[in-house]
Number of protein chains: 2
Amino acid sequence: MDIKTYMQTVGQQARAASAAMARASTKAKNDTLSELARLLRAAGAPLAAANDQDIAAAEAAGLAAPMVDRLRLTGKIIDTMAAGCEQLAAMPDPIGEMTGIKRLPSGISVGQMRVPLGVFGMIFESRPNVAIEAASLAIKSGNACILRGGSEAFQSNLALWKLVRQALESAGLPATAVQLVETTDRAAVGELITMPTYVDVIIPRGGKGLIERIGKEAKVPVIKHLDGNCHTYIDAEFDLEKALLVTDNAKTQKYSPCNATESLLVHARAAATFLPRIGAIFAAKGVEMRCDSASRAILDAVAGARLAGARLADASEEDWYTEYLAPIISVKVVSDLDEAINHINHYSSHHTDAILTTNHPNAMRFLREVDSSSVMVNASTRFADGFEYGLGAEIGISTDKIHARGPVGLEGLTSQKWVVLGDGHVRG
Amino acid sequence: MDIKTYMQTVGQQARAASAAMARASTKAKNDTLSELARLLRAAGAPLAAANDQDIAAAEAAGLAAPMVDRLRLTGKIIDTMAAGCEQLAAMPDPIGEMTGIKRLPSGISVGQMRVPLGVFGMIFESRPNVAIEAASLAIKSGNACILRGGSEAFQSNLALWKLVRQALESAGLPATAVQLVETTDRAAVGELITMPTYVDVIIPRGGKGLIERIGKEAKVPVIKHLDGNCHTYIDAEFDLEKALLVTDNAKTQKYSPCNATESLLVHARAAATFLPRIGAIFAAKGVEMRCDSASRAILDAVAGARLAGARLADASEEDWYTEYLAPIISVKVVSDLDEAINHINHYSSHHTDAILTTNHPNAMRFLREVDSSSVMVNASTRFADGFEYGLGAEIGISTDKIHARGPVGLEGLTSQKWVVLGDGHVRG
């Protein structure tokens with residue numbers, strides 16, 4: 001069978017399964033998730049063997065150690081996957097929720113009902129646990145999904161998928177509600193993103209290059225997560241100790257996540273107090289500071305005495321745009337809140353940006369005027385995450401404005417249709 | 001200046017104006033709308049002269065009379081435009097609304113804030129009043145917009161746009177918040193729909209061909225309204241008199257709107273009672289009935305006696321897909337609710353579909369399982385409309401599931417960003 005025919009078949013099956021999933025009872029969906037958790041915990045040798053195959057192949061292919069690590073389904077990761085399924089089972093069912101029903105002058109009652117999107121395609125790289133995250137979110141939200149994993153995790157994904165099908169069937173739901181693309185041929189992706197008849201939305205998770213290419217070539221909507229060039233801005237009036245704690249956490253708690261702060265803006269009136277203190281913390285942790293001239297002057301003045309070993313450099317224009325995902329931060333002194341907001345709206349990737357301030361009007365202006373998917377006051381940008389936001393789980397973080405924005409949980413996989421209740425009402 | 005350069009300039013100005021609109025006060029936006037209403041009512045001779053120019057040109061070009069009529073800015077239409085602006089001014093400001101703020105275990109408070117999308121491009125044909133509808137919705141929702149009207153209404157649109165700019169300036173808002181494409185060159189549309197840097201979403205209003213083409217060629221999201229092949233389904237248990245009233249209204253109150261019923265499904269147990277009665281109504285109004293064999297047999301049996309002059313025909317497969325926008329209706333007998341739901345989900349354009357029933361479980365199943373932007377119980381499909389739904393005004397009706405679905409009012413022109421409020425909170 002050629003790839004096109006194969007993907008059309010997968011698409012047809014997904015579309016057919018999506019109708020059964022949309023009307024599935026909450027109990028059947030929750031039973032599926034509980035059973036999947038049980039199967040994951042009991043998977044044992046077959047899952048381990050599949051995972052070992054991927055790891056051996058990756059090592060044989062000379063993959064870098066951190067890449068190989070991302071493939072590994074440790075006991076802890078398996079338990080996290082199972083716990084995630086159980087958490088989803090415990091959450092309220094978003095489907096069928098009716099909101100805002102109002103009686104209107106014509107006599108009809110009008111409101112909205114939450115319904116599944118239908119079929120989503122999930123394209124992901126390496127980590128096989130994403131297969132379970134996507135499958136479990138699809139099940140709870142009443143969608144069908146088509147999973148396309150990375151070739152390096154192919155055997156692990158197949159083994160996990162088998163458990164998902166088993167769990168669906170045990171609850172009387174169609175096994176085709178979750179399908180894995182059973183080929184590593186790249187042409188399958190091209191088909192998946194150009195089948196509007198069968199796929200309602202594509203969710204890619206992976207490198208920026210992959211996501212940009214999918215966004216360009218897709219013929220269906222894409223929930224995109226591009227880069228996270230996040231800012232922390234220290235306002236003129238601020239609490240020094242809290243600002244140090246938050247800025248340190250935002251930059252150094254972990255360097256690789258998309259919600260780590262990559263750029264520090266400091267109000268001119270705060271700079272002399274704040275920069276030497278945060279500079280000392282960054283110096284101690286080996287974080288390189290790429291500075292504008294004003295911040296460089298302040299840091300240079302104390303470099304010998306208080307910033308032993310500090311790595312200071314001059315920032316280039318390119319630095320303000322850069323998501324380092326590394327122990328590097330760009331630093332700039334701004335003359336006022338307007339300059340901070342303008343700088344962020346210009347250079348930010350519109351992912352997450354924070355103000356640290358004790359001034360209420362400034363906090364409110366920042367919240368309103370910074371055009372990012374998450375805006376924060378006196379909190380670490382590292383909080384931008386579906387779990388921390390109480391969504392239970394996230395399928396990705398959207399840096400787009402249309403449909404879902406920011407961390408995307410169950411709700412982002414649904415739409416709302418209008419419901420009209422009458423009693424023989426006609427339009428006059 | 002070439003079209004590309006011109007459109008880039010328009011786009012840059014819109015993007016710049018969108019920041020000012022996003023932070024505009026509610027008062028400035030409402031003052032603009034009130035002033036625009038006043039200017040419209042006082043427009044008098046210059047607006048009439050511009051409109052006369054378009055009408056004369058249309059008549060000279062041999063446009064059909066109904067098309068020429070759609071261009072005409074009568075006193076009534078001008079008053080409706082002005083009243084629409086005043087209604088929008090009286091509505092609550094959607095921008096800045098914060099919802100669902102919850103305290104989470106980490107100590108941060110998380111919720112969402114409603115913000116404008118940024119810049120939308122509106123592409124419309126004939127009726128110049130759409131220019132005012134789009135401009136007024138843009139102003140209230142804090143967006144900038146770029147209007148591209150039909151060439152046949154070019155002078156009228158220019159004259160209306162002048163009033164919009166005047167109203168914006170009177171309230172201290174940038175006149176560039178609403179721009180009209182000042183050329184009838186078709187290449188301008190091609191540019192408008194492929195400038196993701198400057199345009200966040202495109203809203204086309206016009207024929208299906210235009211909208212399909214824009215959907216295919218656009219490089220930005222499109223809020224699409226394709227056809228309205230709406231169904232009314234008469235269930236086994238139903239109130240005969242109400243069902244006759246509603247079905248008659250759904251089909252014949254007006255033939256041209258997208259929310260008129262185009263297809264009638266009747267449960268086999270209801271057919272013998274209902275079909276002759278509704279057939280008589282349709283016969284009297286000259287509505288042609290394109291029937292499946294079962295409904296045809298029932299109607300033929302009474303054709304001579306009770307359906308004098310009835311226009312009966314056999315439905316082809318194509319009929320079940322067709323949006324007639326004319327005094328024609330397709331008619332089918334179904335054996336049960338499942339067949340009705342399956343038929344609708346297969347043939348409907350997912351615009352608006354209604355069940356007429358006295359059976360509660362069936363009503364709930366129809367609401368939940370019919371995958372359309374509006375689903376109705378015991379009400380005329382003709383109600384599917386932003387004004388009837390209490391949205392105040394609508395910029396279009398979306399038959400997509402992503403982002404806005406169904407009638408799109410102010411909310412559809414906004415997005416929600418996440419707001420995080422802390423007091424020095426860090427992630428553990």
# chains A, B, ... in the order shown; residues from 1 in each chain; ligands from 1
>>> residues_around(residues="Ser263 (chain A)", least_positions_apart="6", cutoff="7 Å", atoms="only C-alpha atoms", output="PDB file with C-alpha atoms, in the first residue's frame")
ATOM      1  CA  CYS A 230      10.802  35.230  27.832  1.00  0.00           C
ATOM      2  CA  HIS A 231      11.496  38.491  29.672  1.00  0.00           C
ATOM      3  CA  THR A 232      11.621  39.502  33.316  1.00  0.00           C
ATOM      4  CA  ILE A 329      20.995  35.998  29.687  1.00  0.00           C
ATOM      5  CA  SER A 330      20.695  39.324  27.884  1.00  0.00           C
ATOM      6  CA  VAL A 331      20.519  42.390  30.168  1.00  0.00           C
TER       7      VAL A 331
END
>>> residues_around(residues="Asp54 (chain B)", least_positions_apart="3", cutoff="6 Å", atoms="only C-alpha atoms", output="JSON, numbers by chain")
{"B": [51, 57, 153]}
>>> write_last_selection(atoms="C-alpha atoms", output="PDB file, in the first residue's frame")
ATOM      1  CA  ASN B  51     -23.594  56.237  -3.454  1.00  0.00           C
ATOM      2  CA  ALA B  57     -21.884  52.920 -12.685  1.00  0.00           C
ATOM      3  CA  ALA B 153     -19.299  50.016  -3.949  1.00  0.00           C
TER       4      ALA B 153
END
>>> atom_distance(atom1="CA of Ala303 (chain A)", atom2="CA of Glu318 (chain A)")
24.6 Å
>>> residues_around(residues="Leu244 (chain A)", least_positions_apart="4", cutoff="7 Å", atoms="only C-alpha atoms", output="NGL selection string")
:A and (240 or 248 or 278)
>>> residues_around(residues="Ala177 (chain A)", least_positions_apart="5", cutoff="9 Å", atoms="only C-alpha atoms", output="mmCIF file with N, CA and C atoms, in the first residue's frame")
data_model
loop_
_atom_site.group_PDB
_atom_site.id
_atom_site.type_symbol
_atom_site.label_atom_id
_atom_site.label_comp_id
_atom_site.auth_asym_id
_atom_site.auth_seq_id
_atom_site.Cartn_x
_atom_site.Cartn_y
_atom_site.Cartn_z
ATOM 1 N N GLN A 13 -10.536 6.061 9.278
ATOM 2 C CA GLN A 13 -10.807 5.352 10.534
ATOM 3 C C GLN A 13 -10.891 6.326 11.702
ATOM 4 N N ALA A 14 -10.020 7.334 11.686
ATOM 5 C CA ALA A 14 -10.044 8.331 12.769
ATOM 6 C C ALA A 14 -11.353 9.102 12.735
ATOM 7 N N ARG A 15 -11.767 9.520 11.532
ATOM 8 C CA ARG A 15 -13.003 10.289 11.424
ATOM 9 C C ARG A 15 -14.184 9.456 11.918
ATOM 10 N N ALA A 16 -14.215 8.184 11.537
ATOM 11 C CA ALA A 16 -15.308 7.312 11.973
ATOM 12 C C ALA A 16 -15.280 7.144 13.492
ATOM 13 N N ALA A 17 -14.087 6.928 14.046
ATOM 14 C CA ALA A 17 -13.975 6.749 15.498
ATOM 15 C C ALA A 17 -14.341 8.022 16.247
ATOM 16 N N SER A 18 -14.100 9.181 15.628
ATOM 17 C CA SER A 18 -14.347 10.444 16.344
ATOM 18 C C SER A 18 -15.825 10.599 16.689
ATOM 19 N N ALA A 20 -17.906 8.158 17.510
ATOM 20 C CA ALA A 20 -18.140 7.326 18.699
ATOM 21 C C ALA A 20 -17.536 7.980 19.938
ATOM 22 N N MET A 21 -16.358 8.598 19.782
ATOM 23 C CA MET A 21 -15.712 9.242 20.930
ATOM 24 C C MET A 21 -16.522 10.466 21.390
ATOM 25 N N VAL A 119 -10.860 15.255 15.120
ATOM 26 C CA VAL A 119 -9.628 14.472 14.975
ATOM 27 C C VAL A 119 -8.441 15.419 15.033
ATOM 28 N N ALA A 135 -2.557 10.662 23.733
ATOM 29 C CA ALA A 135 -3.649 9.690 23.690
ATOM 30 C C ALA A 135 -4.628 9.927 24.836
ATOM 31 N N ALA A 138 -6.668 13.024 24.271
ATOM 32 C CA ALA A 138 -7.660 12.770 23.213
ATOM 33 C C ALA A 138 -8.851 12.016 23.789
ATOM 34 N N ILE A 139 -8.578 10.990 24.574
ATOM 35 C CA ILE A 139 -9.654 10.165 25.127
ATOM 36 C C ILE A 139 -10.575 11.003 26.016
ATOM 37 N N ASN A 143 -11.959 13.240 21.523
ATOM 38 C CA ASN A 143 -11.436 13.327 20.165
ATOM 39 C C ASN A 143 -10.839 11.997 19.735
ATOM 40 N N ALA A 144 -10.698 11.820 18.437
ATOM 41 C CA ALA A 144 -9.819 10.778 17.917
ATOM 42 C C ALA A 144 -8.488 11.455 17.609
ATOM 43 N N CYS A 145 -7.395 10.697 17.653
ATOM 44 C CA CYS A 145 -6.123 11.313 17.283
ATOM 45 C C CYS A 145 -5.256 10.355 16.482
ATOM 46 N N ILE A 146 -4.388 10.968 15.701
ATOM 47 C CA ILE A 146 -3.416 10.225 14.908
ATOM 48 C C ILE A 146 -2.038 10.671 15.388
ATOM 49 N N ARG A 165 -4.764 0.814 22.806
ATOM 50 C CA ARG A 165 -5.848 0.116 22.101
ATOM 51 C C ARG A 165 -6.563 -0.856 23.030
ATOM 52 N N LEU A 168 -8.831 1.077 25.357
ATOM 53 C CA LEU A 168 -10.033 1.560 24.666
ATOM 54 C C LEU A 168 -11.031 0.411 24.498
#
>>> residues_around(residues="Asp52 (chain B)", least_positions_apart="2", cutoff="10 Å", atoms="only C-alpha atoms", output="mmCIF file with C-alpha atoms, in the first residue's frame")
data_model
loop_
_atom_site.group_PDB
_atom_site.id
_atom_site.type_symbol
_atom_site.label_atom_id
_atom_site.label_comp_id
_atom_site.auth_asym_id
_atom_site.auth_seq_id
_atom_site.Cartn_x
_atom_site.Cartn_y
_atom_site.Cartn_z
ATOM 1 C CA PRO B 46 -21.857 63.931 0.087
ATOM 2 C CA LEU B 47 -22.621 60.324 1.075
ATOM 3 C CA ALA B 48 -25.689 60.255 -1.197
ATOM 4 C CA ALA B 49 -23.636 61.599 -4.101
ATOM 5 C CA ALA B 50 -20.937 58.950 -3.643
ATOM 6 C CA ASP B 54 -21.728 53.660 -7.608
ATOM 7 C CA ILE B 55 -25.350 53.012 -8.547
ATOM 8 C CA ALA B 56 -25.050 54.853 -11.850
ATOM 9 C CA ALA B 57 -21.884 52.920 -12.685
ATOM 10 C CA ALA B 58 -23.549 49.621 -11.741
ATOM 11 C CA LEU B 71 -25.534 48.899 -3.172
ATOM 12 C CA ARG B 72 -28.195 51.425 -2.228
ATOM 13 C CA LEU B 73 -27.661 53.354 1.033
ATOM 14 C CA GLN B 155 -17.191 55.410 -3.876
ATOM 15 C CA SER B 156 -19.701 54.605 -1.122
#
>>> select_by_dssp(residues="region 111-357 of chain B", states="helix (DSSP H, G or I)", output="short mmCIF file (atom, residue, chain, number, x, y, z; two decimals) with C-alpha atoms, in the first residue's frame")
data_model
loop_
_atom_site.label_atom_id
_atom_site.label_comp_id
_atom_site.auth_asym_id
_atom_site.auth_seq_id
_atom_site.Cartn_x
_atom_site.Cartn_y
_atom_site.Cartn_z
CA ASN B 129 -22.96 48.94 5.11
CA VAL B 130 -20.61 46.02 5.87
CA ALA B 131 -17.79 48.59 5.99
CA ILE B 132 -19.48 50.29 8.96
CA GLU B 133 -20.33 46.98 10.67
CA ALA B 134 -16.71 45.84 10.44
CA ALA B 135 -15.28 49.21 11.46
CA SER B 136 -17.56 49.55 14.47
CA LEU B 137 -16.83 45.99 15.67
CA ALA B 138 -13.10 46.64 15.24
CA ILE B 139 -13.31 49.84 17.29
CA LYS B 140 -15.27 48.30 20.16
CA SER B 151 -15.25 47.56 -6.58
CA GLU B 152 -18.94 48.18 -7.31
CA ALA B 153 -19.30 50.02 -3.95
CA PHE B 154 -15.95 51.80 -4.08
CA GLN B 155 -17.19 55.41 -3.88
CA SER B 156 -19.70 54.61 -1.12
CA ASN B 157 -17.04 52.81 0.92
CA LEU B 158 -14.66 55.76 0.54
CA ALA B 159 -17.34 58.16 1.76
CA LEU B 160 -18.21 55.95 4.76
CA TRP B 161 -14.54 55.48 5.61
CA LYS B 162 -14.09 59.26 5.75
CA LEU B 163 -16.71 59.39 8.52
CA VAL B 164 -14.99 56.58 10.42
CA ARG B 165 -11.64 58.40 10.38
CA GLN B 166 -13.30 61.60 11.49
CA ALA B 167 -14.97 59.80 14.41
CA LEU B 168 -11.70 58.11 15.47
CA GLU B 169 -9.82 61.40 15.41
CA SER B 170 -12.53 63.19 17.37
CA ALA B 175 -7.40 57.31 12.09
CA THR B 176 -5.29 54.43 10.74
CA ALA B 177 -7.10 52.03 13.09
CA ALA B 187 -3.69 41.97 -6.43
CA ALA B 188 -4.37 43.87 -3.19
CA VAL B 189 -6.38 40.90 -1.88
CA GLY B 190 -3.49 38.58 -2.62
CA GLU B 191 -1.20 40.79 -0.54
CA LEU B 192 -3.71 41.29 2.28
CA LYS B 208 -18.55 30.48 -1.66
CA GLY B 209 -16.03 30.67 -4.51
CA LEU B 210 -14.36 33.77 -3.08
CA ILE B 211 -14.19 32.26 0.39
CA GLU B 212 -12.79 28.93 -0.77
CA ARG B 213 -10.11 30.70 -2.78
CA ILE B 214 -9.13 32.89 0.17
CA GLY B 215 -9.04 29.86 2.47
CA LYS B 216 -6.67 28.10 0.08
CA GLU B 217 -4.32 31.00 -0.59
CA LEU B 240 -47.99 19.03 14.98
CA GLU B 241 -49.11 22.66 15.03
CA LYS B 242 -45.80 23.96 16.37
CA ALA B 243 -43.86 21.79 13.91
CA LEU B 244 -45.84 23.25 11.00
CA LEU B 245 -45.25 26.81 12.20
CA VAL B 246 -41.52 26.28 12.73
CA THR B 247 -40.88 24.33 9.52
CA ASP B 248 -42.81 26.88 7.46
CA ASN B 249 -40.86 29.75 9.08
CA ALA B 250 -37.52 27.97 8.68
CA LYS B 251 -38.08 27.51 4.94
CA THR B 252 -40.25 30.36 3.75
CA ALA B 268 -41.36 7.45 9.45
CA ARG B 269 -43.96 7.51 12.24
CA ALA B 270 -44.53 11.25 11.75
CA ALA B 271 -44.57 11.24 7.96
CA ALA B 272 -48.21 10.35 7.26
CA THR B 273 -49.46 13.08 9.60
CA PHE B 274 -46.91 15.79 8.95
CA LEU B 275 -46.03 15.60 5.25
CA PRO B 276 -49.50 16.27 3.78
CA ARG B 277 -49.95 19.28 6.08
CA ILE B 278 -46.55 20.88 5.41
CA GLY B 279 -46.89 19.89 1.75
CA ALA B 280 -50.08 21.91 1.51
CA ILE B 281 -48.32 24.95 3.00
CA PHE B 282 -45.37 24.61 0.62
CA ALA B 283 -47.70 24.04 -2.34
CA ALA B 284 -49.61 27.21 -1.51
CA LYS B 285 -46.34 29.17 -1.38
CA SER B 293 -39.35 7.70 -2.63
CA ALA B 294 -41.08 7.34 0.74
CA SER B 295 -42.00 11.00 1.07
CA ARG B 296 -42.92 11.16 -2.61
CA ALA B 297 -45.37 8.27 -2.17
CA ILE B 298 -47.10 9.99 0.74
CA LEU B 299 -47.29 13.33 -1.06
CA ASP B 300 -48.40 11.79 -4.36
CA ALA B 301 -51.26 10.04 -2.57
CA VAL B 302 -52.73 13.38 -1.48
CA ALA B 303 -51.47 15.47 -4.37
CA GLY B 304 -54.72 15.84 -6.22
CA ALA B 305 -57.01 16.48 -3.31
CA ARG B 306 -55.00 18.52 -0.82
CA GLU B 317 -27.99 12.50 -4.43
CA GLU B 318 -26.82 16.04 -5.25
CA ASP B 319 -29.99 17.51 -3.74
CA TRP B 320 -29.06 16.37 -0.23
CA TYR B 321 -25.93 18.53 -0.43
CA LEU B 337 -33.14 9.45 15.14
CA ASP B 338 -29.87 7.70 14.31
CA GLU B 339 -30.58 7.91 10.60
CA ALA B 340 -31.48 11.59 10.96
CA ILE B 341 -28.27 12.41 12.85
CA ASN B 342 -26.13 10.40 10.43
CA HIS B 343 -27.76 12.01 7.41
CA ILE B 344 -27.25 15.50 8.83
CA ASN B 345 -23.63 14.89 9.85
CA HIS B 346 -22.95 13.56 6.35
CA TYR B 347 -24.76 16.09 4.15
#
>>> residues_around(residues="Leu265 (chain A)", least_positions_apart="4", cutoff="6 Å", atoms="only C-alpha atoms", output="ChimeraX atom specification")
/A:233,331-333
>>> write_last_selection(atoms="N, CA and C atoms", output="PDB file, in the first residue's frame")
ATOM      1  N   TYR A 233      11.087  41.804  33.817  1.00  0.00           N
ATOM      2  CA  TYR A 233      11.346  43.247  33.898  1.00  0.00           C
ATOM      3  C   TYR A 233      11.253  43.707  35.351  1.00  0.00           C
ATOM      4  N   VAL A 331      20.841  41.446  29.090  1.00  0.00           N
ATOM      5  CA  VAL A 331      20.519  42.390  30.168  1.00  0.00           C
ATOM      6  C   VAL A 331      20.466  43.806  29.596  1.00  0.00           C
ATOM      7  N   LYS A 332      19.391  44.521  29.945  1.00  0.00           N
ATOM      8  CA  LYS A 332      19.250  45.865  29.393  1.00  0.00           C
ATOM      9  C   LYS A 332      18.623  46.789  30.435  1.00  0.00           C
ATOM     10  N   VAL A 333      19.129  48.037  30.506  1.00  0.00           N
ATOM     11  CA  VAL A 333      18.524  49.053  31.358  1.00  0.00           C
ATOM     12  C   VAL A 333      17.537  49.851  30.517  1.00  0.00           C
TER      13      VAL A 333
END
>>> closest_residue(among="B:Ile203, B:Val426, B:Ile101, B:Val408", to="chain A", atoms="only C-alpha atoms")
B:Val426
>>> atom_distance(atom1="CA of Gly84 (chain B)", atom2="CA of Phe387 (chain B)")
10.2 Å
>>> closest_residue(among="B:Ile355, B:Leu367, B:Ala393, B:Cys291", to="Glu237 (chain B)", atoms="only C-alpha atoms")
B:Ile355
>>> closest_residue(among="B:Ala64, B:Asp185, B:Ala37, B:Val419", to="Gln87 (chain B)", atoms="only C-alpha atoms")
B:Ala37
>>> select_by_dssp(residues="region 56-231 of chain B", states="strand (DSSP E)", output="PyMOL selection string")
chain B and resi 98-103+109-116+119-124+144-148+178-180+201-205+230-231
>>> closest_residue(among="B:Asp79, B:Asp2, B:Glu59, B:Asp239", to="Asp423 (chain A)", atoms="only C-alpha atoms")
B:Asp239
>>> closest_residue(among="B:Ala363, B:Ala19, B:Ala310, B:Leu356", to="Gly118 (chain B)", atoms="only C-alpha atoms")
B:Ala19
>>> closest_residue(among="B:Asn229, B:Gln53, B:Ser25, B:Thr5", to="chain A", atoms="only C-alpha atoms")
B:Ser25
>>> atom_distance(atom1="CA of Gly75 (chain A)", atom2="CA of Lys29 (chain A)")
25.2 Å
>>> decode(residues="region 234-301 of chain B", atoms="C-alpha atoms", output="mmCIF file, in the first residue's frame")
data_model
loop_
_atom_site.group_PDB
_atom_site.id
_atom_site.type_symbol
_atom_site.label_atom_id
_atom_site.label_comp_id
_atom_site.auth_asym_id
_atom_site.auth_seq_id
_atom_site.Cartn_x
_atom_site.Cartn_y
_atom_site.Cartn_z
ATOM 1 C CA ILE B 234 -39.394 16.137 12.647
ATOM 2 C CA ASP B 235 -39.073 13.439 15.301
ATOM 3 C CA ALA B 236 -41.578 10.614 15.963
ATOM 4 C CA GLU B 237 -43.096 12.407 18.962
ATOM 5 C CA PHE B 238 -43.842 16.021 18.072
ATOM 6 C CA ASP B 239 -46.345 18.824 18.396
ATOM 7 C CA LEU B 240 -47.995 19.031 14.983
ATOM 8 C CA GLU B 241 -49.109 22.659 15.029
ATOM 9 C CA LYS B 242 -45.799 23.959 16.372
ATOM 10 C CA ALA B 243 -43.859 21.792 13.914
ATOM 11 C CA LEU B 244 -45.844 23.249 11.001
ATOM 12 C CA LEU B 245 -45.253 26.812 12.201
ATOM 13 C CA VAL B 246 -41.524 26.284 12.735
ATOM 14 C CA THR B 247 -40.882 24.331 9.515
ATOM 15 C CA ASP B 248 -42.813 26.883 7.461
ATOM 16 C CA ASN B 249 -40.859 29.748 9.084
ATOM 17 C CA ALA B 250 -37.516 27.970 8.684
ATOM 18 C CA LYS B 251 -38.080 27.510 4.941
ATOM 19 C CA THR B 252 -40.254 30.363 3.750
ATOM 20 C CA GLN B 253 -39.778 33.400 6.012
ATOM 21 C CA LYS B 254 -36.935 34.346 3.645
ATOM 22 C CA TYR B 255 -35.383 32.183 0.963
ATOM 23 C CA SER B 256 -31.976 33.801 0.529
ATOM 24 C CA PRO B 257 -30.366 33.749 4.015
ATOM 25 C CA CYS B 258 -27.807 31.093 4.877
ATOM 26 C CA ASN B 259 -29.854 29.987 7.907
ATOM 27 C CA ALA B 260 -32.984 29.070 5.898
ATOM 28 C CA THR B 261 -33.804 25.351 6.007
ATOM 29 C CA GLU B 262 -32.917 23.552 2.780
ATOM 30 C CA SER B 263 -33.703 19.986 3.772
ATOM 31 C CA LEU B 264 -36.594 18.444 5.702
ATOM 32 C CA LEU B 265 -36.207 15.075 7.438
ATOM 33 C CA VAL B 266 -39.294 13.355 8.834
ATOM 34 C CA HIS B 267 -39.446 10.312 11.097
ATOM 35 C CA ALA B 268 -41.365 7.454 9.451
ATOM 36 C CA ARG B 269 -43.956 7.512 12.245
ATOM 37 C CA ALA B 270 -44.534 11.250 11.755
ATOM 38 C CA ALA B 271 -44.571 11.241 7.957
ATOM 39 C CA ALA B 272 -48.208 10.349 7.264
ATOM 40 C CA THR B 273 -49.465 13.080 9.599
ATOM 41 C CA PHE B 274 -46.913 15.790 8.948
ATOM 42 C CA LEU B 275 -46.034 15.603 5.249
ATOM 43 C CA PRO B 276 -49.501 16.271 3.776
ATOM 44 C CA ARG B 277 -49.948 19.281 6.080
ATOM 45 C CA ILE B 278 -46.549 20.884 5.413
ATOM 46 C CA GLY B 279 -46.894 19.886 1.752
ATOM 47 C CA ALA B 280 -50.079 21.910 1.511
ATOM 48 C CA ILE B 281 -48.320 24.953 2.998
ATOM 49 C CA PHE B 282 -45.372 24.606 0.620
ATOM 50 C CA ALA B 283 -47.704 24.036 -2.336
ATOM 51 C CA ALA B 284 -49.610 27.206 -1.509
ATOM 52 C CA LYS B 285 -46.344 29.172 -1.381
ATOM 53 C CA GLY B 286 -44.930 27.621 -4.539
ATOM 54 C CA VAL B 287 -42.099 25.767 -2.785
ATOM 55 C CA GLU B 288 -40.856 22.857 -4.886
ATOM 56 C CA MET B 289 -40.380 19.611 -2.917
ATOM 57 C CA ARG B 290 -37.584 17.267 -4.031
ATOM 58 C CA CYS B 291 -38.472 13.974 -2.407
ATOM 59 C CA ASP B 292 -37.048 10.574 -1.615
ATOM 60 C CA SER B 293 -39.349 7.697 -2.632
ATOM 61 C CA ALA B 294 -41.079 7.338 0.741
ATOM 62 C CA SER B 295 -41.999 11.001 1.075
ATOM 63 C CA ARG B 296 -42.916 11.156 -2.607
ATOM 64 C CA ALA B 297 -45.369 8.269 -2.171
ATOM 65 C CA ILE B 298 -47.102 9.991 0.742
ATOM 66 C CA LEU B 299 -47.295 13.331 -1.060
ATOM 67 C CA ASP B 300 -48.397 11.792 -4.357
ATOM 68 C CA ALA B 301 -51.256 10.040 -2.574
#
